[in-house]
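Asker: The following file, start.cif, comprises mmCIF, C-alpha atoms:
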data_structure
#
loop_
_atom_site.label_atom_id
_atom_site.label_comp_id
_atom_site.auth_asym_id
_atom_site.auth_seq_id
_atom_site.Cartn_x
_atom_site.Cartn_y
_atom_site.Cartn_z
CA MET J 175 288.40 -66.95 159.80
CA MET J 176 285.89 -64.75 158.10
CA ASN J 177 287.33 -62.27 155.68
CA LEU J 178 284.93 -59.34 155.43
CA PRO J 179 286.39 -57.51 152.44
CA ARG J 180 286.29 -60.75 150.51
CA LEU J 181 282.66 -61.35 151.44
CA PHE J 182 281.75 -57.97 150.05
CA SER J 183 283.85 -58.09 146.94
CA GLY J 184 282.66 -61.59 146.12
CA ARG J 185 286.14 -62.46 144.86
CA THR J 186 288.38 -65.14 146.20
CA ALA J 187 291.95 -64.34 147.16
CA SER J 188 294.40 -65.10 144.38
CA ALA J 189 297.58 -65.05 146.47
CA PRO J 190 297.20 -68.69 147.63
CA VAL J 191 296.95 -69.73 143.98
CA ALA J 192 300.13 -67.77 143.23
CA ARG J 193 301.93 -69.42 146.13
CA GLU J 194 300.90 -72.91 145.11
CA ARG J 195 301.84 -72.41 141.46
CA LEU J 196 305.24 -71.04 142.45
CA GLN J 197 305.93 -73.88 144.86
CA ILE J 198 305.21 -76.51 142.22
CA LEU J 199 307.13 -74.71 139.48
CA LEU J 200 310.20 -73.95 141.57
CA ALA J 201 310.42 -77.49 142.95
CA HIS J 202 310.61 -78.63 139.33
CA GLU J 203 313.08 -75.94 138.21
CA ARG J 204 315.41 -76.47 141.16
CA GLY J 205 315.51 -80.16 140.30
CA LEU J 206 316.72 -79.31 136.82
CA ARG J 207 319.32 -76.89 138.11
CA GLY J 208 321.71 -79.56 139.33
CA GLN J 209 322.03 -80.79 135.76
CA PRO J 210 321.71 -77.58 133.80
CA ASP J 211 324.34 -78.65 131.31
CA LEU J 212 322.85 -82.04 130.49
CA LEU J 213 321.62 -80.89 127.09
CA GLU J 214 324.91 -79.14 126.31
CA LEU J 215 326.81 -82.29 127.33
CA LEU J 216 324.60 -84.49 125.13
CA ARG J 217 325.00 -82.06 122.26
CA ALA J 218 328.78 -82.05 122.56
CA GLU J 219 329.05 -85.85 122.73
CA ILE J 220 326.60 -86.43 119.89
CA LEU J 221 328.45 -83.87 117.80
CA ALA J 222 331.80 -85.54 118.55
CA THR J 223 330.47 -88.98 117.63
CA VAL J 224 328.81 -87.86 114.41
CA SER J 225 331.79 -85.73 113.34
CA ARG J 226 334.03 -88.76 113.45
CA HIS J 227 332.15 -90.06 110.43
CA VAL J 228 330.40 -87.14 108.76
CA VAL J 229 331.38 -83.53 108.37
CA VAL J 230 328.72 -81.50 110.16
CA ASP J 231 328.34 -77.85 111.04
CA PRO J 232 328.39 -77.63 114.88
CA GLU J 233 325.78 -74.85 114.67
CA LYS J 234 323.41 -77.27 113.01
CA VAL J 235 323.25 -79.86 115.75
CA ILE J 236 320.17 -79.17 117.83
CA VAL J 237 319.32 -81.20 120.90
CA ARG J 238 315.99 -80.52 122.51
CA MET J 239 314.34 -82.01 125.54
CA ASP J 240 310.59 -81.91 125.94
CA ARG J 241 309.20 -82.87 129.32
CA GLY J 242 305.68 -84.13 129.46
CA HIS J 243 303.60 -85.42 132.33
CA HIS J 244 304.14 -89.09 131.49
CA VAL J 245 306.72 -89.21 128.74
CA SER J 246 309.64 -86.95 127.98
CA THR J 247 311.28 -86.91 124.60
CA LEU J 248 314.78 -86.15 123.46
CA GLU J 249 314.89 -84.70 119.99
CA VAL J 250 318.15 -84.61 118.07
CA ASP J 251 318.23 -82.65 114.86
CA ILE J 252 321.43 -82.77 112.83
CA GLU J 253 321.72 -81.18 109.47
CA VAL J 254 324.10 -83.20 107.31
CA PRO J 255 325.50 -81.64 104.15
CA MET J 256 325.04 -83.46 100.85
CA ILE J 257 326.71 -86.83 101.28
CA THR J 258 329.68 -86.64 98.95
CA GLU J 259 332.08 -89.27 97.71
CA ARG J 260 334.48 -88.25 100.44
CA SER J 261 332.10 -88.57 103.30
CA ASN J 262 330.87 -91.85 101.83
CA ALA J 263 334.45 -93.01 101.91
CA ALA J 264 334.76 -91.82 105.45
CA LEU J 265 331.70 -93.83 106.33
CA GLY J 266 333.22 -96.88 104.65
CA MET J 267 330.43 -96.96 102.05
CA GLY J 268 332.38 -95.50 99.22
CA SER J 269 332.85 -97.42 96.03
CA ALA J 270 336.13 -99.19 95.84
CA ARG J 271 338.66 -97.13 94.00
CA PRO J 272 341.43 -98.42 91.94
CA MET M 56 337.29 -54.65 155.38
CA ALA M 57 335.50 -53.52 152.27
CA LYS M 58 332.31 -55.33 151.33
CA VAL M 59 331.18 -55.98 147.80
CA LEU M 60 327.40 -56.14 147.59
CA VAL M 61 325.45 -56.91 144.44
CA VAL M 62 321.91 -55.62 144.03
CA THR M 63 320.27 -58.08 141.68
CA SER M 64 316.88 -59.60 140.77
CA GLY M 65 316.77 -61.38 137.43
CA LYS M 66 313.58 -59.57 136.48
CA GLY M 67 313.69 -55.99 135.27
CA GLY M 68 311.77 -53.07 136.69
CA VAL M 69 311.55 -54.34 140.26
CA GLY M 70 313.66 -51.53 141.74
CA LYS M 71 317.32 -52.53 141.59
CA THR M 72 318.63 -49.10 140.63
CA THR M 73 316.33 -47.27 143.06
CA SER M 74 317.40 -49.64 145.82
CA THR M 75 321.10 -49.33 145.00
CA ALA M 76 320.86 -45.53 145.16
CA ALA M 77 318.75 -45.55 148.35
CA LEU M 78 320.89 -48.09 150.21
CA GLY M 79 324.13 -46.46 149.01
CA ALA M 80 322.98 -43.03 150.19
CA ALA M 81 321.71 -44.42 153.52
CA LEU M 82 325.05 -46.12 154.21
CA ALA M 83 326.93 -42.95 153.24
CA GLN M 84 324.70 -40.91 155.57
CA MET M 85 325.76 -43.25 158.37
CA GLY M 86 329.37 -42.32 157.72
CA GLU M 87 330.37 -45.30 155.54
CA LYS M 88 332.44 -44.61 152.46
CA VAL M 89 330.36 -45.95 149.59
CA VAL M 90 330.71 -46.38 145.84
CA VAL M 91 327.76 -47.43 143.69
CA VAL M 92 328.80 -49.12 140.46
CA ASP M 93 326.44 -49.30 137.48
CA PHE M 94 326.91 -52.60 135.63
CA ASP M 95 324.10 -51.99 133.16
CA VAL M 96 326.33 -51.42 130.15
CA GLY M 97 324.36 -49.83 127.33
CA LEU M 98 321.43 -48.87 129.53
CA ARG M 99 322.91 -46.93 132.40
CA ASN M 100 320.47 -45.24 134.75
CA LEU M 101 322.09 -45.05 138.15
CA ASP M 102 323.61 -41.68 137.14
CA LEU M 103 320.10 -40.38 136.40
CA VAL M 104 318.57 -41.63 139.64
CA LEU M 105 321.44 -40.01 141.54
CA GLY M 106 321.13 -36.74 139.61
CA ALA M 107 324.68 -37.04 138.24
CA GLU M 108 323.82 -37.62 134.57
CA ARG M 109 325.45 -34.39 133.41
CA ARG M 110 328.66 -35.04 135.27
CA VAL M 111 329.61 -38.33 133.56
CA VAL M 112 332.86 -37.97 131.64
CA PHE M 113 334.49 -41.39 131.88
CA ASP M 114 332.85 -44.71 132.67
CA LEU M 115 333.43 -48.28 133.75
CA ILE M 116 334.40 -49.47 130.26
CA ASN M 117 336.89 -46.60 129.81
CA VAL M 118 338.59 -47.77 132.99
CA VAL M 119 338.46 -51.47 132.02
CA GLN M 120 340.04 -50.64 128.65
CA GLY M 121 342.66 -48.36 130.17
CA PHE M 122 341.44 -45.12 128.57
CA ALA M 123 340.83 -43.50 131.93
CA LYS M 124 342.05 -43.90 135.46
CA LEU M 125 339.60 -45.08 138.10
CA SER M 126 339.94 -41.75 139.92
CA GLN M 127 338.91 -39.92 136.74
CA ALA M 128 335.76 -41.98 136.31
CA LEU M 129 334.54 -41.79 139.92
CA ILE M 130 331.93 -39.07 140.50
CA ARG M 131 331.48 -37.70 143.99
CA ASP M 132 327.91 -36.96 145.06
CA LYS M 133 327.22 -33.25 145.55
CA ARG M 134 325.12 -33.79 148.67
CA LEU M 135 326.92 -36.64 150.39
CA GLU M 136 330.68 -36.44 150.48
CA ASN M 137 330.93 -40.16 151.32
CA LEU M 138 328.98 -41.30 148.26
CA TRP M 139 330.60 -41.95 144.88
CA LEU M 140 329.33 -43.24 141.55
CA LEU M 141 331.11 -45.29 138.92
CA PRO M 142 328.83 -44.95 135.89
CA ALA M 143 328.24 -47.59 133.22
CA SER M 144 329.05 -46.99 129.62
CA GLN M 145 326.47 -46.27 126.93
CA THR M 146 328.30 -48.48 124.45
CA ARG M 147 326.26 -51.15 122.73
CA ASP M 148 329.20 -53.53 122.86
CA LYS M 149 328.28 -55.74 125.80
CA ASP M 150 331.54 -57.69 125.48
CA ALA M 151 333.50 -54.57 126.43
CA LEU M 152 333.17 -55.69 130.03
CA THR M 153 335.62 -58.51 130.78
CA ASP M 154 336.01 -60.73 133.80
CA GLU M 155 339.64 -59.65 134.27
CA GLY M 156 338.69 -55.98 133.94
CA VAL M 157 335.92 -56.22 136.51
CA SER M 158 338.17 -58.20 138.85
CA SER M 159 340.89 -55.55 138.81
CA ILE M 160 338.44 -52.65 139.26
CA ILE M 161 336.76 -54.37 142.22
CA GLU M 162 340.18 -54.99 143.77
CA ASP M 163 341.08 -51.35 143.33
CA LEU M 164 337.75 -50.19 144.81
CA ARG M 165 338.18 -52.49 147.81
CA GLY M 166 341.21 -50.43 148.79
CA ARG M 167 339.30 -47.15 148.63
CA PHE M 168 335.80 -47.80 150.00
CA ASP M 169 333.93 -49.50 152.85
CA TRP M 170 331.07 -50.57 150.58
CA ILE M 171 331.02 -51.37 146.87
CA LEU M 172 327.40 -51.64 145.69
CA CYS M 173 327.08 -53.24 142.27
CA ASP M 174 323.83 -52.39 140.48
CA SER M 175 323.16 -55.41 138.27
CA PRO M 176 321.41 -55.27 134.91
CA ALA M 177 318.26 -57.39 134.56
CA GLY M 178 318.52 -60.84 133.08
CA ILE M 179 321.05 -63.62 133.55
CA GLU M 180 323.47 -62.67 130.79
CA ARG M 181 327.06 -61.52 130.95
CA GLY M 182 326.46 -58.15 132.65
CA ALA M 183 324.41 -59.72 135.45
CA MET M 184 326.96 -62.51 135.88
CA LEU M 185 329.83 -60.04 136.14
CA ALA M 186 327.94 -57.81 138.58
CA MET M 187 327.56 -60.73 141.01
CA ARG M 188 330.87 -62.43 140.23
CA TYR M 189 332.97 -60.86 143.02
CA ALA M 190 330.20 -60.24 145.54
CA ASP M 191 330.54 -60.98 149.25
CA GLU M 192 326.86 -60.24 149.82
CA ALA M 193 323.77 -60.00 147.67
CA VAL M 194 320.51 -58.12 147.92
CA ILE M 195 317.84 -59.82 145.82
CA VAL M 196 315.17 -57.27 145.01
CA THR M 197 311.79 -58.98 144.71
CA ASN M 198 308.27 -57.75 144.05
CA PRO M 199 305.33 -59.68 145.55
CA GLU M 200 304.44 -61.09 142.17
CA VAL M 201 304.93 -64.57 140.67
CA SER M 202 307.36 -63.74 137.85
CA SER M 203 309.61 -61.70 140.13
CA VAL M 204 309.73 -64.45 142.77
CA ARG M 205 310.53 -67.07 140.14
CA ASP M 206 313.39 -64.99 138.72
CA SER M 207 314.71 -64.29 142.22
CA ASP M 208 314.86 -68.02 142.84
CA ARG M 209 316.88 -68.45 139.65
CA ILE M 210 319.27 -65.68 140.68
CA ILE M 211 319.71 -67.24 144.14
CA GLY M 212 320.74 -70.46 142.38
CA MET M 213 323.32 -68.52 140.37
CA LEU M 214 324.68 -66.73 143.46
CA ASP M 215 325.22 -70.18 144.97
CA SER M 216 327.10 -71.54 141.98
CA LYS M 217 328.55 -68.90 139.65
CA THR M 218 330.25 -66.47 142.01
CA VAL M 219 333.92 -66.54 142.99
CA LYS M 220 332.87 -67.19 146.60
CA ALA M 221 330.74 -70.16 145.57
CA GLU M 222 333.55 -71.57 143.46
CA LYS M 223 335.84 -71.40 146.49
CA GLY M 224 333.29 -73.36 148.50
CA GLU M 225 332.22 -70.27 150.45
CA ARG M 226 328.82 -68.64 150.52
CA VAL M 227 327.64 -65.29 149.29
CA GLU M 228 325.51 -63.86 152.10
CA LYS M 229 322.08 -63.35 150.58
CA HIS M 230 319.20 -61.09 151.61
CA VAL M 231 315.78 -60.58 150.07
CA LEU M 232 314.53 -57.01 149.78
CA ILE M 233 310.82 -56.86 149.02
CA THR M 234 309.82 -53.72 147.16
CA ARG M 235 306.48 -52.26 146.05
CA TYR M 236 304.73 -54.00 148.92
CA ASP M 237 301.13 -53.09 149.57
CA THR M 238 300.11 -54.21 153.08
CA ALA M 239 296.40 -53.76 152.45
CA ARG M 240 296.40 -55.81 149.26
CA ALA M 241 298.46 -58.56 150.88
CA ALA M 242 296.00 -58.63 153.81
CA ARG M 243 293.14 -59.06 151.35
CA GLY M 244 294.94 -62.01 149.77
CA GLU M 245 295.43 -60.19 146.48
CA MET M 246 299.20 -60.15 146.73
CA LEU M 247 301.76 -62.69 147.88
CA SER M 248 302.50 -62.10 151.55
CA ILE M 249 305.96 -61.60 153.06
CA GLU M 250 305.69 -65.07 154.64
CA ASP M 251 304.83 -66.66 151.28
CA ILE M 252 307.83 -65.06 149.57
CA LEU M 253 310.30 -65.91 152.32
CA GLU M 254 309.04 -69.47 152.56
CA ILE M 255 309.41 -69.98 148.83
CA LEU M 256 312.83 -68.33 148.52
CA ALA M 257 314.19 -69.66 151.85
CA THR M 258 316.38 -66.58 152.16
CA PRO M 259 316.50 -64.06 155.03
CA LEU M 260 314.66 -60.77 154.73
CA LEU M 261 316.57 -57.48 154.59
CA GLY M 262 313.60 -55.17 154.45
CA ILE M 263 310.15 -54.40 153.12
CA ILE M 264 309.79 -51.26 151.02
CA PRO M 265 306.17 -50.13 150.75
CA GLU M 266 304.68 -49.09 147.44
CA SER M 267 304.88 -45.30 147.53
CA GLN M 268 304.73 -42.21 145.38
CA ASP M 269 307.80 -40.93 147.19
CA VAL M 270 309.98 -43.37 145.23
CA LEU M 271 308.94 -41.92 141.87
CA ARG M 272 309.10 -38.39 143.23
CA ALA M 273 312.71 -38.94 144.32
CA SER M 274 313.83 -40.41 141.00
CA ASN M 275 312.06 -37.58 139.14
CA VAL M 276 314.34 -35.08 140.82
CA GLY M 277 317.44 -37.27 140.73
CA CYS M 278 317.80 -37.82 144.45
CA PRO M 279 317.98 -41.11 146.38
CA VAL M 280 314.70 -41.54 148.28
CA THR M 281 316.57 -41.76 151.60
CA LEU M 282 318.00 -38.31 150.96
CA ASN M 283 315.02 -36.67 149.29
CA ASP M 284 312.66 -37.16 152.22
CA ALA M 285 314.25 -39.20 154.99
CA THR M 286 310.98 -39.32 156.92
CA SER M 287 308.93 -40.85 154.09
CA ALA M 288 307.82 -44.48 154.46
CA PRO M 289 310.14 -45.96 151.78
CA ALA M 290 313.09 -43.90 153.07
CA ARG M 291 312.60 -45.21 156.60
CA ALA M 292 312.39 -48.76 155.24
CA TYR M 293 315.62 -48.32 153.23
CA ILE M 294 317.41 -46.76 156.21
CA ASP M 295 316.39 -49.74 158.37
CA ALA M 296 317.63 -52.11 155.65
CA ALA M 297 320.97 -50.27 155.48
CA ARG M 298 321.33 -50.59 159.25
CA ARG M 299 320.73 -54.33 158.97
CA LEU M 300 323.43 -54.52 156.30
CA LYS M 301 325.78 -52.94 158.82
CA GLY M 302 324.93 -55.75 161.22
CA GLU M 303 322.52 -53.89 163.48
CA THR M 304 319.39 -55.61 164.74
CA VAL M 305 316.38 -53.58 163.68
CA THR M 306 312.81 -54.75 164.26
CA MET M 307 311.16 -55.63 160.97
CA MET M 308 308.09 -53.59 160.13
CA VAL M 309 306.44 -52.05 157.12
CA PRO M 310 306.59 -48.29 157.52
CA VAL M 311 303.27 -46.71 156.62
CA GLU M 312 302.47 -43.45 154.95
CA ARG M 313 301.33 -40.75 157.30
CA LYS M 314 298.26 -39.37 155.62
CA GLY M 315 297.62 -35.69 156.02
CA LEU M 316 294.19 -34.42 157.03
CA MET M 317 293.47 -33.20 153.52
CA ASP M 318 294.38 -36.59 152.10
CA ARG M 319 291.96 -38.22 154.49
CA LEU M 320 289.14 -35.76 153.77
CA LEU M 321 289.61 -36.08 150.04
CA GLY M 322 289.96 -39.85 150.30
CA ARG M 323 293.23 -39.85 148.42
CA ARG M 324 294.91 -43.15 148.09
CA ALA M 325 298.23 -43.43 149.83
CA ALA M 326 299.68 -45.44 146.99
#
Step by step, read the file and then write its structure as structure tokens.

Answerer:
Amino acid sequence: MMNLPRLFSGRTASAPVARERLQILLAHERGLRGQPDLLELLRAEILATVSRHVVVDPEKVIVRMDRGHHVSTLEVDIEVPMITERSNAALGMGSARP
Amino acid sequence: MAKVLVVTSGKGGVGKTTSTAALGAALAQMGEKVVVVDFDVGLRNLDLVLGAERRVVFDLINVVQGFAKLSQALIRDKRLENLWLLPASQTRDKDALTDEGVSSIIEDLRGRFDWILCDSPAGIERGAMLAMRYADEAVIVTNPEVSSVRDSDRIIGMLDSKTVKAEKGERVEKHVLITRYDTARAARGEMLSIEDILEILATPLLGIIPESQDVLRASNVGCPVTLNDATSAPARAYIDAARRLKGETVTMMVPVERKGLMDRLLGRRAA
């Protein structure tokens, strides 16, 4: 159908672009919503595993997911305090003591 | 049976407070006993839109913390004897609002009113979660604009998972209220159409509020738009929406401004 105002203004309607962008974005975001706690779950389990062997500050365990078109990456960043004798011992790497 | 209705949106500035005041006043004008509750702790504004800002003595937090009785904090509207306001606190301590506190206040209000309208703060943080927590129904205020629609979708997801009803396996009845709608711009394809928004959000429509100067004029003078000029286009749209909330079947249409002769001659925009 001919759209007269558009013919005169020389601009194309932007609403269809808005609709399409929203449909693509929301399909993606709704897919993530079922598993919104995945990162929190990973963080908690990684923290639990690491804490069994090294003393770490829970605030300093960062788990980040980056979704790309072809490859997604999972980045885990854990700040470990200076490895001391004690944590070495905990790791089973400590020097044998008398 | 009292109904708890949350007016929410995710995005700020789309018209939650205006809509809460307008729908609350419209329901009260129809003879329903209504309380509007401001959940925007720290940034209350419902008192201002209702013209009751100088009458606030106690607030929601005072009641939650036991410093005041509910009856002391409730403010009765001077124009509508069926309309009451429970103002939010100006405290900066957002944690002052607790789940247990809100639960007991809502229970108490259920015994006193037909409608409890909860005006949600923007965002998806604690205040917004608590505003929707005990809702039976939800009005999702949406502007025909991409960021508003996206946030509405997010809020719909939360209404379906984080409310008490959802946790019991029941459903919060949801309605989309489109505000600031400009029919001419939508027809020119410059603005998302009603059909686009409803298709994307897959949620039934409660009403379409046209973009109008009357909305600002009403809030300037501290009067719900449905009360300030009941014949104005946005007022008629809000009154229709309130009737639909009551279960009436009202044909959906976008009320239009009636331009005066002078407006036409001077070519004034009916914004």

Asker: Quick one: which residues from chain M are at most 9 Å off chain J, using only C-alpha atoms, as a list in words?

Answerer: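 Residues passing the distance filter: Glu200, Val201, Ser202, Val204, Arg205, Asp208, Arg209, Gly212, Ala241, Arg243, Gly244, Glu245, Met246, Leu247, Ser248, Asp251, Ile252 and Ile255 of chain M.
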
Asker: Which polymer residues, protein or nucleic acid, are no farther than 10 Å from (306.4, -56.8, 156.1), counting all atoms listed in the file, as a VMD selection string?

Answerer: chain M and resid 233 236 to 238 241 248 to 250 260 262 to 265 307 to 310

Asker: Would you mind listing what lies within 7 Å of Ile294 (chain M) as a ChimeraX atom specification, with all atoms listed in the file counted and same-chain residues fewer than 3 positions away left out?

Answerer: /M:81,281,290-291,297-298

Asker: Please, could you write that set of residues out with C-alpha atoms as a PDB file, keeping the file's coordinate frame?

Answerer:
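Okay, this is what ended up in selection16.pdb:
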ATOM      1  CA  ALA M  81     321.710 -44.420 153.520  1.00  0.00           C
ATOM      2  CA  THR M 281     316.570 -41.760 151.600  1.00  0.00           C
ATOM      3  CA  ALA M 290     313.090 -43.900 153.070  1.00  0.00           C
ATOM      4  CA  ARG M 291     312.600 -45.210 156.600  1.00  0.00           C
ATOM      5  CA  ALA M 297     320.970 -50.270 155.480  1.00  0.00           C
ATOM      6  CA  ARG M 298     321.330 -50.590 159.250  1.00  0.00           C
TER       7      ARG M 298
END

Asker: Give me the result of the PyMOL selection byres ((chain M and resi 127) around 12) on this file, residue by residue, as JSON, numbers by chain.

Answerer: {"M": [110, 111, 112, 113, 114, 115, 117, 118, 121, 122, 123, 124, 125, 126, 128, 129, 130, 131, 139, 140, 141, 142]}

Asker: Could those residues be written to a file, using C-alpha atoms, as a PDB file, in the frame of the given file?

Answerer:
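To be explicit, this is the file written out as result.pdb:
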ATOM      1  CA  ARG M 110     328.660 -35.040 135.270  1.00  0.00           C
ATOM      2  CA  VAL M 111     329.610 -38.330 133.560  1.00  0.00           C
ATOM      3  CA  VAL M 112     332.860 -37.970 131.640  1.00  0.00           C
ATOM      4  CA  PHE M 113     334.490 -41.390 131.880  1.00  0.00           C
ATOM      5  CA  ASP M 114     332.850 -44.710 132.670  1.00  0.00           C
ATOM      6  CA  LEU M 115     333.430 -48.280 133.750  1.00  0.00           C
ATOM      7  CA  ASN M 117     336.890 -46.600 129.810  1.00  0.00           C
ATOM      8  CA  VAL M 118     338.590 -47.770 132.990  1.00  0.00           C
ATOM      9  CA  GLY M 121     342.660 -48.360 130.170  1.00  0.00           C
ATOM     10  CA  PHE M 122     341.440 -45.120 128.570  1.00  0.00           C
ATOM     11  CA  ALA M 123     340.830 -43.500 131.930  1.00  0.00           C
ATOM     12  CA  LYS M 124     342.050 -43.900 135.460  1.00  0.00           C
ATOM     13  CA  LEU M 125     339.600 -45.080 138.100  1.00  0.00           C
ATOM     14  CA  SER M 126     339.940 -41.750 139.920  1.00  0.00           C
ATOM     15  CA  ALA M 128     335.760 -41.980 136.310  1.00  0.00           C
ATOM     16  CA  LEU M 129     334.540 -41.790 139.920  1.00  0.00           C
ATOM     17  CA  ILE M 130     331.930 -39.070 140.500  1.00  0.00           C
ATOM     18  CA  ARG M 131     331.480 -37.700 143.990  1.00  0.00           C
ATOM     19  CA  TRP M 139     330.600 -41.950 144.880  1.00  0.00           C
ATOM     20  CA  LEU M 140     329.330 -43.240 141.550  1.00  0.00           C
ATOM     21  CA  LEU M 141     331.110 -45.290 138.920  1.00  0.00           C
ATOM     22  CA  PRO M 142     328.830 -44.950 135.890  1.00  0.00           C
TER      23      PRO M 142
END

Asker: What does the structure give for the distance between CA of Leu135 (chain M) and CA of Lys88 (chain M), in Å to one decimal?

Answerer: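 Atom-to-atom, CA of Leu135 (chain M) to CA of Lys88 (chain M), that is 9.9 Å.
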